[in-house]
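Raw contents of my_file.cif, mmCIF, C-alpha atoms:
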data_coords
loop_
_atom_site.label_atom_id
_atom_site.label_comp_id
_atom_site.auth_asym_id
_atom_site.auth_seq_id
_atom_site.Cartn_x
_atom_site.Cartn_y
_atom_site.Cartn_z
CA MET A 124 0.67 5.48 -50.35
CA LYS A 125 1.96 5.48 -53.91
CA GLN A 126 5.36 4.26 -52.66
CA PHE A 127 3.64 1.56 -50.56
CA TRP A 128 1.79 0.16 -53.58
CA ASN A 129 4.79 0.40 -55.89
CA GLU A 130 6.82 -1.61 -53.38
CA ARG A 131 4.07 -4.19 -52.86
CA TYR A 132 3.59 -4.71 -56.61
CA ASN A 133 7.33 -4.70 -57.33
CA GLU A 134 7.74 -8.29 -56.11
CA ASP A 135 7.86 -11.12 -58.64
CA ILE A 136 4.80 -12.76 -57.08
CA PHE A 137 1.33 -11.29 -57.64
CA ALA A 138 0.27 -9.79 -54.29
CA TYR A 139 -3.40 -10.76 -54.71
CA GLY A 140 -2.93 -13.62 -57.13
CA THR A 141 -3.82 -13.76 -60.81
CA ALA A 142 -7.32 -15.24 -60.47
CA PRO A 143 -10.26 -12.80 -60.59
CA ASN A 144 -12.11 -11.65 -57.51
CA GLN A 145 -14.98 -14.05 -56.73
CA PHE A 146 -17.67 -11.34 -56.59
CA LEU A 147 -16.60 -10.05 -60.00
CA LYS A 148 -16.55 -13.59 -61.36
CA ASP A 149 -20.08 -14.21 -60.07
CA SER A 150 -21.45 -10.83 -61.22
CA ILE A 151 -19.68 -10.02 -64.50
CA HIS A 152 -22.80 -10.92 -66.49
CA PHE A 153 -24.42 -7.75 -65.09
CA LEU A 154 -21.91 -5.60 -67.01
CA PRO A 155 -23.01 -4.42 -70.45
CA GLN A 156 -20.98 -5.11 -73.55
CA GLY A 157 -19.04 -1.90 -73.96
CA ASN A 158 -16.22 0.05 -72.38
CA ILE A 159 -15.65 -0.88 -68.73
CA LEU A 160 -13.39 1.07 -66.35
CA PHE A 161 -11.54 -0.87 -63.63
CA VAL A 162 -10.75 1.45 -60.73
CA ALA A 163 -7.49 1.23 -58.70
CA GLU A 164 -6.80 -1.98 -60.63
CA GLY A 165 -3.37 -2.85 -59.23
CA GLU A 166 -1.81 -5.87 -60.92
CA GLY A 167 -4.66 -6.36 -63.37
CA ARG A 168 -6.21 -9.73 -62.43
CA ASN A 169 -9.79 -8.44 -62.71
CA ALA A 170 -9.26 -6.36 -65.84
CA VAL A 171 -7.61 -9.29 -67.63
CA PHE A 172 -10.47 -11.60 -66.64
CA ALA A 173 -13.01 -9.15 -68.10
CA ALA A 174 -10.97 -8.75 -71.29
CA LYS A 175 -10.93 -12.53 -71.68
CA LYS A 176 -14.75 -12.38 -71.47
CA GLY A 177 -14.76 -10.04 -74.47
CA LEU A 178 -15.30 -6.72 -72.73
CA LYS A 179 -13.43 -3.58 -73.79
CA VAL A 180 -11.34 -2.83 -70.71
CA SER A 181 -9.79 0.36 -69.42
CA ALA A 182 -8.06 0.50 -66.06
CA PHE A 183 -6.05 2.84 -63.89
CA ASP A 184 -3.96 2.87 -60.75
CA TYR A 185 -1.31 5.23 -59.44
CA SER A 186 1.27 2.46 -59.19
CA GLU A 187 3.67 2.12 -62.10
CA SER A 188 4.74 -1.34 -60.94
CA GLY A 189 1.08 -2.37 -60.81
CA GLN A 190 0.64 -1.23 -64.41
CA GLN A 191 3.71 -3.19 -65.53
CA LYS A 192 2.45 -6.38 -63.87
CA ALA A 193 -1.04 -5.88 -65.35
CA LEU A 194 0.23 -5.39 -68.89
CA SER A 195 2.47 -8.43 -68.50
CA LEU A 196 -0.51 -10.51 -67.27
CA ALA A 197 -2.62 -9.30 -70.20
CA GLN A 198 0.13 -10.31 -72.62
CA MET A 199 0.31 -13.77 -71.00
CA HIS A 200 -3.42 -14.18 -71.64
CA ASN A 201 -3.36 -12.67 -75.15
CA VAL A 202 -5.73 -9.81 -74.33
CA ILE A 203 -5.44 -6.04 -74.53
CA ILE A 204 -6.24 -3.67 -71.68
CA ASP A 205 -5.86 0.10 -71.78
CA TYR A 206 -4.13 0.90 -68.48
CA LEU A 207 -3.27 4.42 -67.27
CA VAL A 208 -1.09 5.44 -64.37
CA SER A 209 -3.12 8.25 -62.84
CA ASP A 210 -4.53 9.64 -59.64
CA VAL A 211 -8.30 9.20 -59.52
CA LEU A 212 -8.94 12.96 -59.40
CA ALA A 213 -6.69 13.59 -62.41
CA LEU A 214 -8.21 11.04 -64.80
CA PRO A 215 -8.24 12.46 -68.35
CA TYR A 216 -11.37 10.67 -69.59
CA GLU A 217 -14.34 12.66 -70.85
CA LYS A 218 -17.63 12.57 -68.95
CA GLU A 219 -19.92 9.64 -69.73
CA SER A 220 -17.12 7.67 -71.42
CA PHE A 221 -17.90 4.30 -69.87
CA ASP A 222 -20.71 1.75 -69.90
CA GLY A 223 -19.60 0.18 -66.62
CA LEU A 224 -17.41 0.74 -63.56
CA VAL A 225 -15.76 -1.98 -61.48
CA LEU A 226 -14.45 -1.11 -58.02
CA ILE A 227 -12.91 -4.11 -56.27
CA PHE A 228 -11.16 -3.15 -53.02
CA ALA A 229 -10.66 0.42 -54.27
CA HIS A 230 -10.07 2.16 -50.95
CA PHE A 231 -9.29 5.86 -51.35
CA PRO A 232 -8.05 8.10 -48.52
CA ALA A 233 -10.97 9.38 -46.46
CA GLU A 234 -10.35 13.03 -47.34
CA ILE A 235 -10.87 12.46 -51.07
CA ARG A 236 -13.10 9.39 -51.08
CA LYS A 237 -16.49 10.96 -51.75
CA GLN A 238 -14.97 13.34 -54.31
CA ALA A 239 -13.33 10.34 -56.03
CA HIS A 240 -16.61 8.44 -56.21
CA LEU A 241 -18.47 11.45 -57.60
CA LYS A 242 -15.73 11.91 -60.23
CA LEU A 243 -16.05 8.24 -61.24
CA LEU A 244 -19.83 8.56 -61.50
CA GLU A 245 -19.38 11.47 -63.92
CA LEU A 246 -17.41 9.13 -66.20
CA LEU A 247 -20.28 6.63 -66.34
CA LYS A 248 -23.06 6.88 -68.90
CA PRO A 249 -26.68 7.06 -67.68
CA GLU A 250 -27.96 3.49 -67.21
CA GLY A 251 -24.34 2.38 -66.83
CA LYS A 252 -23.65 -0.44 -64.37
CA ILE A 253 -21.40 -0.53 -61.30
CA LEU A 254 -19.94 -3.54 -59.52
CA PHE A 255 -18.50 -2.65 -56.12
CA GLU A 256 -16.85 -4.67 -53.37
CA ALA A 257 -14.79 -3.20 -50.52
CA PHE A 258 -14.01 -3.96 -46.92
CA GLY A 259 -16.64 -3.02 -44.34
CA LYS A 260 -16.06 -1.29 -41.00
CA GLU A 261 -16.05 -4.64 -39.17
CA GLN A 262 -12.96 -5.69 -41.16
CA LEU A 263 -10.86 -4.14 -38.38
CA ASN A 264 -11.73 -7.27 -36.36
CA TYR A 265 -10.13 -9.52 -38.98
CA THR A 266 -6.61 -10.10 -40.29
CA SER A 267 -7.45 -11.00 -43.89
CA GLY A 268 -6.39 -7.67 -45.42
CA GLY A 269 -7.59 -4.14 -46.03
CA PRO A 270 -6.86 -0.69 -44.62
CA LYS A 271 -6.33 -0.34 -40.87
CA ASP A 272 -8.01 3.11 -40.90
CA ILE A 273 -11.74 2.79 -40.16
CA ASN A 274 -12.40 5.94 -42.22
CA MET A 275 -11.24 4.09 -45.33
CA LEU A 276 -13.66 1.22 -44.68
CA PHE A 277 -17.34 1.22 -45.65
CA SER A 278 -20.83 1.02 -44.24
CA GLU A 279 -23.92 0.65 -46.41
CA GLU A 280 -25.02 4.16 -45.39
CA GLU A 281 -21.71 5.63 -46.56
CA VAL A 282 -22.08 3.83 -49.88
CA LYS A 283 -25.54 5.34 -50.38
CA ASN A 284 -24.21 8.79 -49.49
CA GLU A 285 -21.17 8.60 -51.76
CA PHE A 286 -22.98 7.16 -54.80
CA PRO A 287 -26.03 9.48 -54.82
CA THR A 288 -26.93 8.99 -58.50
CA VAL A 289 -27.02 5.19 -58.23
CA SER A 290 -30.07 2.94 -58.07
CA PHE A 291 -29.01 -0.13 -56.09
CA ASP A 292 -30.01 -3.45 -57.62
CA SER A 293 -28.41 -5.06 -54.56
CA LEU A 294 -26.50 -3.71 -51.54
CA SER A 295 -25.33 -5.91 -48.69
CA THR A 296 -22.73 -6.48 -46.00
CA GLU A 297 -21.30 -10.00 -46.19
CA LYS A 298 -18.96 -12.16 -44.17
CA ILE A 299 -16.79 -14.04 -46.64
CA VAL A 300 -13.64 -16.15 -46.82
CA LEU A 301 -10.91 -14.57 -48.92
CA ASP A 302 -8.34 -16.54 -50.89
CA GLU A 303 -6.56 -13.96 -53.04
CA GLY A 304 -2.78 -14.21 -53.16
CA LEU A 305 -0.63 -13.42 -50.13
CA PHE A 306 -2.51 -10.46 -48.72
CA HIS A 307 -6.22 -11.42 -48.80
CA GLN A 308 -6.47 -14.66 -46.82
CA GLY A 309 -9.13 -15.77 -44.36
CA GLU A 310 -12.46 -14.52 -43.06
CA GLY A 311 -13.43 -10.92 -43.70
CA VAL A 312 -16.35 -8.51 -44.00
CA VAL A 313 -17.21 -6.72 -47.23
CA VAL A 314 -19.81 -4.29 -48.48
CA ARG A 315 -21.00 -5.13 -52.00
CA PHE A 316 -23.36 -3.60 -54.47
CA ILE A 317 -24.56 -3.90 -58.03
CA GLY A 318 -26.00 -0.60 -59.20
CA THR A 319 -27.26 1.40 -62.15
CA LYS A 320 -26.59 5.10 -62.73
CA LYS A 321 -29.86 7.01 -62.83
#

Would you write the structure of this file as structure tokens?
Amino acid sequence: MKQFWNERYNEDIFAYGTAPNQFLKDSIHFLPQGNILFVAEGEGRNAVFAAKKGLKVSAFDYSESGQQKALSLAQMHNVIIDYLVSDVLALPYEKESFDGLVLIFAHFPAEIRKQAHLKLLELLKPEGKILFEAFGKEQLNYTSGGPKDINMLFSEEEVKNEFPTVSFDSLSTEKIVLDEGLFHQGEGVVVRFIGTKK
């Protein structure tokens, strides 16, 4: 997978564009002023958007080429993001380091997914906020992007199970139209939530 993402992000063009994800754009006001961690952040479009809004932004991905594109995008927009190349289970941050988490299409392999989400929750302070959007199970019926493995896609029940210390301000499955670069185009199905760590 690491090789796949390095190759995808190694092209001159931004695979998912440089504009922020629409759900993040609509929901960023829910994030507290403070240190926000962007999970599996790829080429940095969402992290850069948040930094332009004045948030203190940290991000990680295991793709070196994603990091390079993200830092280049941040420089173009005159903002600073702290971006690590790291596997989710090897993140070096201390527990309760962050005031918010943003997971936008952060699809981990099924065998580590719940463990990854629990690890991320440990990094969030109590009362910290989470913004989450990922492809739902029904996405297999669409061609607008996302994993082809149903075990990497989400149901609302799986979200509740994998984020056990979260109080959900909203949780829904939505049919949307994606327009994000080359690889997210057309109708799709997503699971979204805004939550607060108990």

Can you translate the PyMOL selection byres ((chain A and resi 269) around 12) into the concrete residues it hits in this file, as a VMD selection string?
chain A and resid 139 227 to 231 256 to 268 270 to 277 301 306 to 313

Which of A:Leu196, A:Ile317, A:Leu241, A:Ile203 sits closest to A:Leu178 [using all atoms listed in the file]
A:Ile203

Expansion of the PyMOL selection byres ((chain A and resi 179) around 10) into residues, as a PyMOL selection string
chain A and resi 156-160+170+173-178+180-181+202-205+221-222

Interatomic distance (Å, one decimal) between atom CA of A:Gly167 and atom CA of A:Glu134
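Separation between atom CA of A:Gly167 and atom CA of A:Glu134: 14.5 Å.
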
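When the PyMOL selection byres ((chain A and resi 165) around 7) is run on the displayed coordinates, the residues it returns are A:Ala163, A:Glu164, A:Glu166, A:Gly167, A:Asp184, A:Gly189, A:Gln190.
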